[in-house]
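Participant: Before I ask anything, let me first share the structure, which is written out below as structure tokens.
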Amino acid sequence: MKEIIFNKKYYKSYKDFYTQIYKNLEGKTIPDWEDYENLHFNADLLEEFLWYCHNDNLKYIFVNFDKEKIKLQKNYDDYEYNLILQIFEDFVQKYPNNLLQYENDEKE
């Protein structure tokens, strides 16, 4: 199982995260998605894009994504991050050959 790691401390905003998702999942190699370098920062497009990877048996590791803080949605970035996390959680539930793991390497 291939691991794909996303570390929140490397993203200035949710927009950087969308771009990294596309890059890590090699969106340029998927003919229907070759022109969507940032998925237009759209949760619906992300959900559809992930479907193209549903047979890839991937383990998504989200580092430094504090779900509890993000769920409070104190700013727009949190709102968008919450949407993204929910999409990934739904995705791995629907396609259990893929896994999702949260980790924290920051000190509390």
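Residues in the structure tokens are numbered from 1 in each chain, the chains being A, B, ... in the order shown, and ligands are numbered from 1 in the order shown.
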Residues at most 10 Å from region 25-41 of chain A, counting only C-alpha atoms, excluding those fewer than 6 positions away in the same chain, as an NGL selection string?
Facilitator: :A and (4 or 14-19 or 47-50 or 52-53 or 56 or 58 or 80 or 84)
Participant: Hey, can you spit out that residue selection with N, CA and C atoms as a PDB file, in the first residue's frame?
Facilitator:
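The resulting out08.pdb:
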ATOM      1  N   ILE A   4       0.620   8.324   1.060  1.00  0.00           N
ATOM      2  CA  ILE A   4       0.688   9.713   0.601  1.00  0.00           C
ATOM      3  C   ILE A   4       0.508  10.592   1.829  1.00  0.00           C
ATOM      4  N   TYR A  14      -5.764  26.521   2.287  1.00  0.00           N
ATOM      5  CA  TYR A  14      -6.411  25.346   1.702  1.00  0.00           C
ATOM      6  C   TYR A  14      -6.118  25.241   0.210  1.00  0.00           C
ATOM      7  N   LYS A  15      -5.854  26.386  -0.445  1.00  0.00           N
ATOM      8  CA  LYS A  15      -5.566  26.365  -1.883  1.00  0.00           C
ATOM      9  C   LYS A  15      -4.283  25.589  -2.174  1.00  0.00           C
ATOM     10  N   ASP A  16      -3.275  25.772  -1.334  1.00  0.00           N
ATOM     11  CA  ASP A  16      -2.040  25.011  -1.497  1.00  0.00           C
ATOM     12  C   ASP A  16      -2.303  23.520  -1.304  1.00  0.00           C
ATOM     13  N   PHE A  17      -3.204  23.216  -0.403  1.00  0.00           N
ATOM     14  CA  PHE A  17      -3.548  21.824  -0.132  1.00  0.00           C
ATOM     15  C   PHE A  17      -4.196  21.173  -1.353  1.00  0.00           C
ATOM     16  N   TYR A  18      -5.129  21.857  -1.986  1.00  0.00           N
ATOM     17  CA  TYR A  18      -5.754  21.332  -3.202  1.00  0.00           C
ATOM     18  C   TYR A  18      -4.693  21.048  -4.267  1.00  0.00           C
ATOM     19  N   THR A  19      -3.773  21.983  -4.441  1.00  0.00           N
ATOM     20  CA  THR A  19      -2.719  21.822  -5.435  1.00  0.00           C
ATOM     21  C   THR A  19      -1.849  20.614  -5.113  1.00  0.00           C
ATOM     22  N   GLU A  47     -14.048  15.489  -4.858  1.00  0.00           N
ATOM     23  CA  GLU A  47     -14.766  14.224  -4.646  1.00  0.00           C
ATOM     24  C   GLU A  47     -14.777  13.395  -5.930  1.00  0.00           C
ATOM     25  N   GLU A  48     -15.050  14.024  -7.044  1.00  0.00           N
ATOM     26  CA  GLU A  48     -15.058  13.317  -8.326  1.00  0.00           C
ATOM     27  C   GLU A  48     -13.650  12.849  -8.698  1.00  0.00           C
ATOM     28  N   PHE A  49     -12.653  13.705  -8.474  1.00  0.00           N
ATOM     29  CA  PHE A  49     -11.263  13.370  -8.777  1.00  0.00           C
ATOM     30  C   PHE A  49     -10.799  12.139  -7.990  1.00  0.00           C
ATOM     31  N   LEU A  50     -11.150  12.072  -6.726  1.00  0.00           N
ATOM     32  CA  LEU A  50     -10.745  10.935  -5.902  1.00  0.00           C
ATOM     33  C   LEU A  50     -11.293   9.617  -6.445  1.00  0.00           C
ATOM     34  N   TYR A  52     -11.380   8.649  -9.366  1.00  0.00           N
ATOM     35  CA  TYR A  52     -10.441   8.136 -10.360  1.00  0.00           C
ATOM     36  C   TYR A  52      -9.279   7.383  -9.699  1.00  0.00           C
ATOM     37  N   CYS A  53      -9.100   7.568  -8.408  1.00  0.00           N
ATOM     38  CA  CYS A  53      -8.009   6.920  -7.669  1.00  0.00           C
ATOM     39  C   CYS A  53      -8.528   5.845  -6.713  1.00  0.00           C
ATOM     40  N   ASP A  56      -6.572   2.514  -6.270  1.00  0.00           N
ATOM     41  CA  ASP A  56      -5.120   2.634  -6.130  1.00  0.00           C
ATOM     42  C   ASP A  56      -4.569   2.109  -4.807  1.00  0.00           C
ATOM     43  N   LEU A  58      -4.439   3.312  -1.587  1.00  0.00           N
ATOM     44  CA  LEU A  58      -3.579   4.329  -0.997  1.00  0.00           C
ATOM     45  C   LEU A  58      -3.869   4.527   0.485  1.00  0.00           C
ATOM     46  N   GLU A  80     -12.971  25.382   4.522  1.00  0.00           N
ATOM     47  CA  GLU A  80     -12.552  24.605   3.352  1.00  0.00           C
ATOM     48  C   GLU A  80     -11.817  23.328   3.751  1.00  0.00           C
ATOM     49  N   ILE A  84     -12.689  19.324   2.850  1.00  0.00           N
ATOM     50  CA  ILE A  84     -11.720  18.386   2.282  1.00  0.00           C
ATOM     51  C   ILE A  84     -11.592  17.140   3.157  1.00  0.00           C
TER      52      ILE A  84
END
Participant: Might you pull out every residue within 10 Å of Leu83 (chain A), with only C-alpha atoms counted and same-chain residues fewer than 6 positions away left off, and present them as an MDAnalysis selection string?
Facilitator: chainID A and resid 42:44 46 70:71 77 89
Participant: Provide the CA of Phe6 (chain A) to CA of Gln20 (chain A) distance in Å, to one decimal place.
Facilitator: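 A separation of 7.9 Å between them.
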Participant: If you count only C-alpha atoms, which residues fall within 8 Å of Gln73 (chain A), apart from same-chain ones fewer than 5 positions away, as a list of chain:residue names?
Facilitator: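 The neighbour list is A:Asp78, A:Tyr79, A:Asn82.
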Participant: Using only C-alpha atoms, find the one residue out of A:Asn24, A:Val63, A:His54, A:Leu85 that sits nearest to Tyr10 (chain A).
Facilitator: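 Ranking A:Asn24, A:Val63, A:His54, A:Leu85 by distance to Tyr10 (chain A), first place goes to A:Val63.
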Participant: Can you tell me, as a PyMOL selection string, what residues are no more than 10 Å from Leu99 (chain A) when counting only C-alpha atoms, ignoring any on the same chain fewer than 2 positions away?
Facilitator: chain A and resi 1+3+57-61+88-89+91-93+95-97+101
Participant: Name the residues of chain A that fall into alpha helix (DSSP H) according to DSSP on the backbone, using the chain letters and numbers of this document, as an NGL selection string.
Facilitator: :A and (14-24 or 43-51 or 67-71 or 76-94)
Participant: DSSP says strand (DSSP E) for which residues of region 5-87 of chain A? Put them as number ranges by chain?
Facilitator: A: 5-7, 58-63
Participant: Produce a file of the selected residues containing C-alpha atoms, as a PDB file, in the first residue's frame.
Facilitator:
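What landed in part_29.pdb:
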ATOM      1  CA  ILE A   5       1.526  12.225   3.288  1.00  0.00           C
ATOM      2  CA  PHE A   6       0.007  15.691   3.580  1.00  0.00           C
ATOM      3  CA  ASN A   7       1.514  17.928   6.254  1.00  0.00           C
ATOM      4  CA  LEU A  58      -3.579   4.329  -0.997  1.00  0.00           C
ATOM      5  CA  LYS A  59      -2.976   5.252   2.598  1.00  0.00           C
ATOM      6  CA  TYR A  60      -3.541   8.965   3.132  1.00  0.00           C
ATOM      7  CA  ILE A  61      -1.673  10.341   6.108  1.00  0.00           C
ATOM      8  CA  PHE A  62      -2.739  13.792   7.292  1.00  0.00           C
ATOM      9  CA  VAL A  63      -0.134  15.319   9.581  1.00  0.00           C
TER      10      VAL A  63
END
Participant: In Å to one decimal, how far is CA of Asn55 (chain A) from CA of Ile87 (chain A)?
Facilitator: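 Here the two named atoms are 16.5 Å from each other.
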Participant: Would you compute the distance between CA of Lys2 (chain A) and CA of Glu103 (chain A)? Give it in Å to one decimal.
Facilitator: 16.8 Å
Participant: Which residue gives the smallest distance to Leu45 (chain A) among A:Phe65, A:Tyr22, A:Tyr102, A:Tyr81, with only C-alpha atoms counted?
Facilitator: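 Of A:Phe65, A:Tyr22, A:Tyr102, A:Tyr81, the one nearest Leu45 (chain A), counting only C-alpha atoms, is A:Tyr22.
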